[in-house]
Structure formats: structure tokens, C-alpha cells
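Trainee: First the structure, which I've put down as C-alpha cells, then a few questions once you've had a look.
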Amino acid sequence: MKVVLFCGGLGTRLGELTENVPKPLVKIGYRPILWHVMKYYAHFGHKDFILCLGYKADTIKDYFLNYKEYLSNDFTMSNGGKDIHLEQNDIADWKITFVDTGLKANIGQRLKAVEKYLAGEELFLANYSDGLTNSPLPEMIEGVLKSGKIASFLCAKPSQSFHVAQLEADNSVRSIQSVRKSDIRINAGFFVFRKEIFNYMKPGEELVVEPFQRLIAEKKIIGYPSDHFWCMDTFKEHQELTDMFNSGHTPWEVWKTQSKLAENDR
């Protein structure tokens, strides 16, 4: 199944981190967030990627054209460094299509720009490329297949730590609690689409505004509520993810955690 990754935004919410690189190339540990997102999909067998490029597109192209396997894989060096044998690799079986979708295009415009690369696909995946999760992707896909709906998106609890207040008619405070303990769920940026999504899109429209409203009106879109790990989007959350990586606690790295569970079962 093909995976459309939106990589063209300015990433202003990450502040100085995106002065020299686009948001998808901001690093978590040794690798950029885009790599972590792609590894998530590859773990579930989806390795055909379409990158919707815009801001600093050249840096994303250069990253993959000059990809350094040894940064995240074990290897054996011999002959004074002239011979390198990788014990495993990351992207040898990936297919990546790089598409310039415009510097100031919105998500809807970027998706329309790659429609021709999705010809023949009954179902495809899409992602904002700025969030990490360990939610079970196969369950989300199965939900769309069983429901017959056209679209689905991951509904996560907010990862930010602000408080939500509820007021009475006279502005008396009814309650105040952490947003993480409330019933609020947000669009976490992990999508499953049928090809019919393009029938609900018009030129210039933002994906989750007009097209999604049409789908909602016809009851052809579902949410996938998940209480699994999800995080990213702001400078503070990037710091949290970096701290987690440095401590060895990386729940989003399903390609590692599930391998460890399999080893423990032997």
C-alpha cells in the first residue's frame, strides 16, 4: 500500500529547529522524524512512499540521496575502512517518489498534486510527517475495509499539558482538568483513504476543512480512537522525544519493541 507523506510545510511551531531544515528533517536521536515515520509504516509492510515536498525540498532529497546506513545499523569494518559490511539495513527495499508540490500549498493541494502517482490504488495511507505513535496500523486499515467508509484518521489524546476549563452560564467554573484526562481527541495526522477521497476535493481546498465536512455530511468518514503513545509538533514535545530517545524509552519504535517481544517469547 502506498504512503503519502506531507513534507512541505514551514514548520513554524518548531521555531529555530527549522531555520536550516524542514520540519520532517528535525532529528530525534540519529535520524529525522521523517525517517521514524517511514520506519513505522515499513514495519507494517508499507514501503512505497510518495514525499510531497515544498519548503527546503533539496535538503530532503539530499538526505536520501546521501543516506548513511551505518548511523542506525550494526556493521563490520575491515581493510582499514575500505570494506564495510552492514549487518542489516533500513531502506534497501523502500521505494521513494519525490514530488515538488509547491512552497505554499496546503495539505489538500499537496495531495491533489500526487493523485497521478496513486493511479490504481484502491486504498492508500497518508501522514503529516510530524507525529510519532505505536498505534496498531493494521487495525486502523481494517476499520476502513470493514466499514466501507472513504476515510479514517487517528484520533489521539492531546500530548500537550495544558488545562481545559468548563464554565457555567454565569462564568462560574464547573471544572478544570488536564486536557489529557478530558474527552478531547485531536486529529493526529495518520490517515487511511480510499481513492474516492479525490471526488470530495476541489482545487485550493484544505484537506480536513471542506472535503472532510462533505464526508462528515454523508457519514463516510470514521475516526480511529487510540490511547497508545502519540507525540510531536512543538518545540517542547521535540525536547521530550529527544529525552526519551536518550533514555532508551522509545515506544514509537515498533520495529524494535516488537522484535524484543518476539525474542523474549522464544
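Convention: chains lettered A, B, ... in C-alpha cells order; per-chain residue numbering from 1; ligands numbered from 1 as shown.
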Residues near region 144-146 of chain A, anyone? I mean within 10 Å using only C-alpha atoms, not counting same-chain ones fewer than 6 positions away, as a PyMOL selection string.
Mentor: chain A and resi 123+152-153+192-194+220-224
Trainee: Write the residues of the selection above to a file with all heavy atoms, as an mmCIF file, in the first residue's frame.
Mentor:
data_model
loop_
_atom_site.group_PDB
_atom_site.id
_atom_site.type_symbol
_atom_site.label_atom_id
_atom_site.label_comp_id
_atom_site.auth_asym_id
_atom_site.auth_seq_id
_atom_site.Cartn_x
_atom_site.Cartn_y
_atom_site.Cartn_z
ATOM 1 N N LEU A 123 -6.795 1.788 -2.049
ATOM 2 C CA LEU A 123 -6.622 2.292 -0.687
ATOM 3 C C LEU A 123 -5.198 2.784 -0.557
ATOM 4 O O LEU A 123 -4.264 2.196 -1.113
ATOM 5 C CB LEU A 123 -6.878 1.154 0.308
ATOM 6 C CG LEU A 123 -7.403 1.497 1.706
ATOM 7 C CD1 LEU A 123 -8.834 2.010 1.620
ATOM 8 C CD2 LEU A 123 -7.363 0.266 2.605
ATOM 9 N N SER A 152 -10.421 7.605 7.130
ATOM 10 C CA SER A 152 -10.268 7.411 8.570
ATOM 11 C C SER A 152 -9.022 8.150 9.022
ATOM 12 O O SER A 152 -8.077 8.312 8.242
ATOM 13 C CB SER A 152 -10.142 5.919 8.906
ATOM 14 O OG SER A 152 -9.912 5.739 10.301
ATOM 15 N N PHE A 153 -9.049 8.610 10.259
ATOM 16 C CA PHE A 153 -7.851 9.250 10.799
ATOM 17 C C PHE A 153 -7.688 8.896 12.270
ATOM 18 O O PHE A 153 -8.657 8.623 12.972
ATOM 19 C CB PHE A 153 -7.879 10.774 10.614
ATOM 20 C CG PHE A 153 -9.014 11.475 11.307
ATOM 21 C CD1 PHE A 153 -8.849 12.019 12.570
ATOM 22 C CD2 PHE A 153 -10.248 11.606 10.678
ATOM 23 C CE1 PHE A 153 -9.891 12.676 13.209
ATOM 24 C CE2 PHE A 153 -11.303 12.259 11.305
ATOM 25 C CZ PHE A 153 -11.127 12.798 12.569
ATOM 26 N N VAL A 192 -6.073 6.950 6.558
ATOM 27 C CA VAL A 192 -6.312 5.870 5.603
ATOM 28 C C VAL A 192 -7.388 6.381 4.647
ATOM 29 O O VAL A 192 -8.444 6.842 5.093
ATOM 30 C CB VAL A 192 -6.809 4.577 6.285
ATOM 31 C CG1 VAL A 192 -6.994 3.474 5.247
ATOM 32 C CG2 VAL A 192 -5.836 4.129 7.365
ATOM 33 N N PHE A 193 -7.117 6.329 3.335
ATOM 34 C CA PHE A 193 -8.055 6.843 2.342
ATOM 35 C C PHE A 193 -8.357 5.812 1.258
ATOM 36 O O PHE A 193 -7.481 5.062 0.837
ATOM 37 C CB PHE A 193 -7.481 8.081 1.637
ATOM 38 C CG PHE A 193 -7.324 9.288 2.507
ATOM 39 C CD1 PHE A 193 -6.099 9.924 2.618
ATOM 40 C CD2 PHE A 193 -8.401 9.817 3.198
ATOM 41 C CE1 PHE A 193 -5.940 11.052 3.402
ATOM 42 C CE2 PHE A 193 -8.251 10.947 3.991
ATOM 43 C CZ PHE A 193 -7.023 11.565 4.097
ATOM 44 N N ARG A 194 -9.604 5.809 0.813
ATOM 45 C CA ARG A 194 -9.940 5.152 -0.432
ATOM 46 C C ARG A 194 -9.706 6.161 -1.564
ATOM 47 O O ARG A 194 -9.706 7.381 -1.328
ATOM 48 C CB ARG A 194 -11.399 4.686 -0.431
ATOM 49 C CG ARG A 194 -11.703 3.563 0.555
ATOM 50 C CD ARG A 194 -13.151 3.118 0.427
ATOM 51 N NE ARG A 194 -13.500 2.145 1.464
ATOM 52 C CZ ARG A 194 -13.332 0.840 1.336
ATOM 53 N NH1 ARG A 194 -12.831 0.348 0.205
ATOM 54 N NH2 ARG A 194 -13.675 0.028 2.322
ATOM 55 N N LYS A 220 -19.299 9.293 5.751
ATOM 56 C CA LYS A 220 -18.348 8.434 5.048
ATOM 57 C C LYS A 220 -16.932 8.558 5.594
ATOM 58 O O LYS A 220 -15.958 8.212 4.929
ATOM 59 C CB LYS A 220 -18.369 8.750 3.548
ATOM 60 C CG LYS A 220 -19.680 8.344 2.878
ATOM 61 C CD LYS A 220 -19.651 8.559 1.383
ATOM 62 C CE LYS A 220 -20.948 8.083 0.733
ATOM 63 N NZ LYS A 220 -20.951 8.285 -0.736
ATOM 64 N N ILE A 221 -16.814 9.047 6.811
ATOM 65 C CA ILE A 221 -15.508 9.155 7.449
ATOM 66 C C ILE A 221 -15.614 8.682 8.892
ATOM 67 O O ILE A 221 -16.617 8.949 9.564
ATOM 68 C CB ILE A 221 -14.964 10.601 7.381
ATOM 69 C CG1 ILE A 221 -13.563 10.695 7.981
ATOM 70 C CG2 ILE A 221 -15.925 11.584 8.038
ATOM 71 C CD1 ILE A 221 -12.894 12.044 7.757
ATOM 72 N N ILE A 222 -14.608 7.949 9.353
ATOM 73 C CA ILE A 222 -14.602 7.467 10.732
ATOM 74 C C ILE A 222 -13.292 7.868 11.409
ATOM 75 O O ILE A 222 -12.269 8.072 10.747
ATOM 76 C CB ILE A 222 -14.774 5.940 10.825
ATOM 77 C CG1 ILE A 222 -13.691 5.219 10.009
ATOM 78 C CG2 ILE A 222 -16.156 5.526 10.382
ATOM 79 C CD1 ILE A 222 -13.702 3.712 10.174
ATOM 80 N N GLY A 223 -13.343 7.954 12.713
ATOM 81 C CA GLY A 223 -12.141 8.190 13.488
ATOM 82 C C GLY A 223 -11.669 6.886 14.105
ATOM 83 O O GLY A 223 -12.491 5.999 14.375
ATOM 84 N N TYR A 224 -10.375 6.777 14.307
ATOM 85 C CA TYR A 224 -9.832 5.607 14.994
ATOM 86 C C TYR A 224 -9.288 6.081 16.335
ATOM 87 O O TYR A 224 -8.181 6.615 16.414
ATOM 88 C CB TYR A 224 -8.728 4.949 14.170
ATOM 89 C CG TYR A 224 -8.105 3.757 14.866
ATOM 90 C CD1 TYR A 224 -8.751 2.525 14.867
ATOM 91 C CD2 TYR A 224 -6.896 3.874 15.552
ATOM 92 C CE1 TYR A 224 -8.198 1.427 15.524
ATOM 93 C CE2 TYR A 224 -6.332 2.787 16.213
ATOM 94 C CZ TYR A 224 -6.989 1.572 16.196
ATOM 95 O OH TYR A 224 -6.441 0.499 16.855
#
Trainee: Residues near region 39-54 of chain A, anyone? I mean within 6 Å using only C-alpha atoms, not counting same-chain ones fewer than 4 positions away, as a list in words.
Mentor: Met1, Lys2, Val3, Val4, Leu5, Phe6, Cys7, Gly8, Trp94, Lys95, Ile96, Thr97, Phe98, Val99, Asp100, Thr101, Gly102, Leu103 and Trp255 of chain A
Trainee: Determine, for each residue of region 23-45 of chain A having at least one atom at most 10 Å from an atom of region 124-137 of chain A, the closest pair of atoms and their separation in Å to one decimal, counting only C-alpha atoms; order by chain and ascending number, as CSV.
Mentor:
residue,atom,partner,partner_atom,distance
A:Lys23,CA,A:Asp130,CA,7.2
A:Pro24,CA,A:Ser129,CA,6.0
A:Leu25,CA,A:Ser129,CA,9.6
A:Val26,CA,A:Asp130,CA,9.3
A:Ile33,CA,A:Asp130,CA,6.7
A:Leu34,CA,A:Ser129,CA,5.8
A:Trp35,CA,A:Ser129,CA,9.1
A:His36,CA,A:Leu132,CA,7.4
A:Val37,CA,A:Ser129,CA,6.4
A:Met38,CA,A:Ser129,CA,8.7
A:Tyr40,CA,A:Asn134,CA,8.0
A:Tyr41,CA,A:Leu137,CA,8.1
A:His43,CA,A:Leu137,CA,9.9
A:Phe44,CA,A:Leu137,CA,7.3
Trainee: For CA of Phe198 (chain A) and CA of Ile186 (chain A), quote the distance in Å rounded to one decimal.
Mentor: 23.0 Å
Trainee: May I have all residues of region 36-116 of chain A that DSSP, computed from the backbone, assigns to helix (DSSP H, G or I), given as a VMD selection string?
Mentor: chain A and resid 36 to 43 57 to 65 69 to 71 79 to 81 107 to 113 115 to 116
Trainee: Here is a test: counting only C-alpha atoms, which residue of A:Ser147, A:Gln213, A:Ser172, A:Ser226 is nearest to Ala188 (chain A)?
Mentor: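 With only C-alpha atoms as the atom set, the closest residue is A:Ser226.
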Trainee: Quick check, in Å to one decimal: how far apart do CA of Phe212 (chain A) and CA of Pro225 (chain A) lie?
Mentor: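 CA of Pro225 (chain A) lies at a distance of 17.1 Å from CA of Phe212 (chain A).
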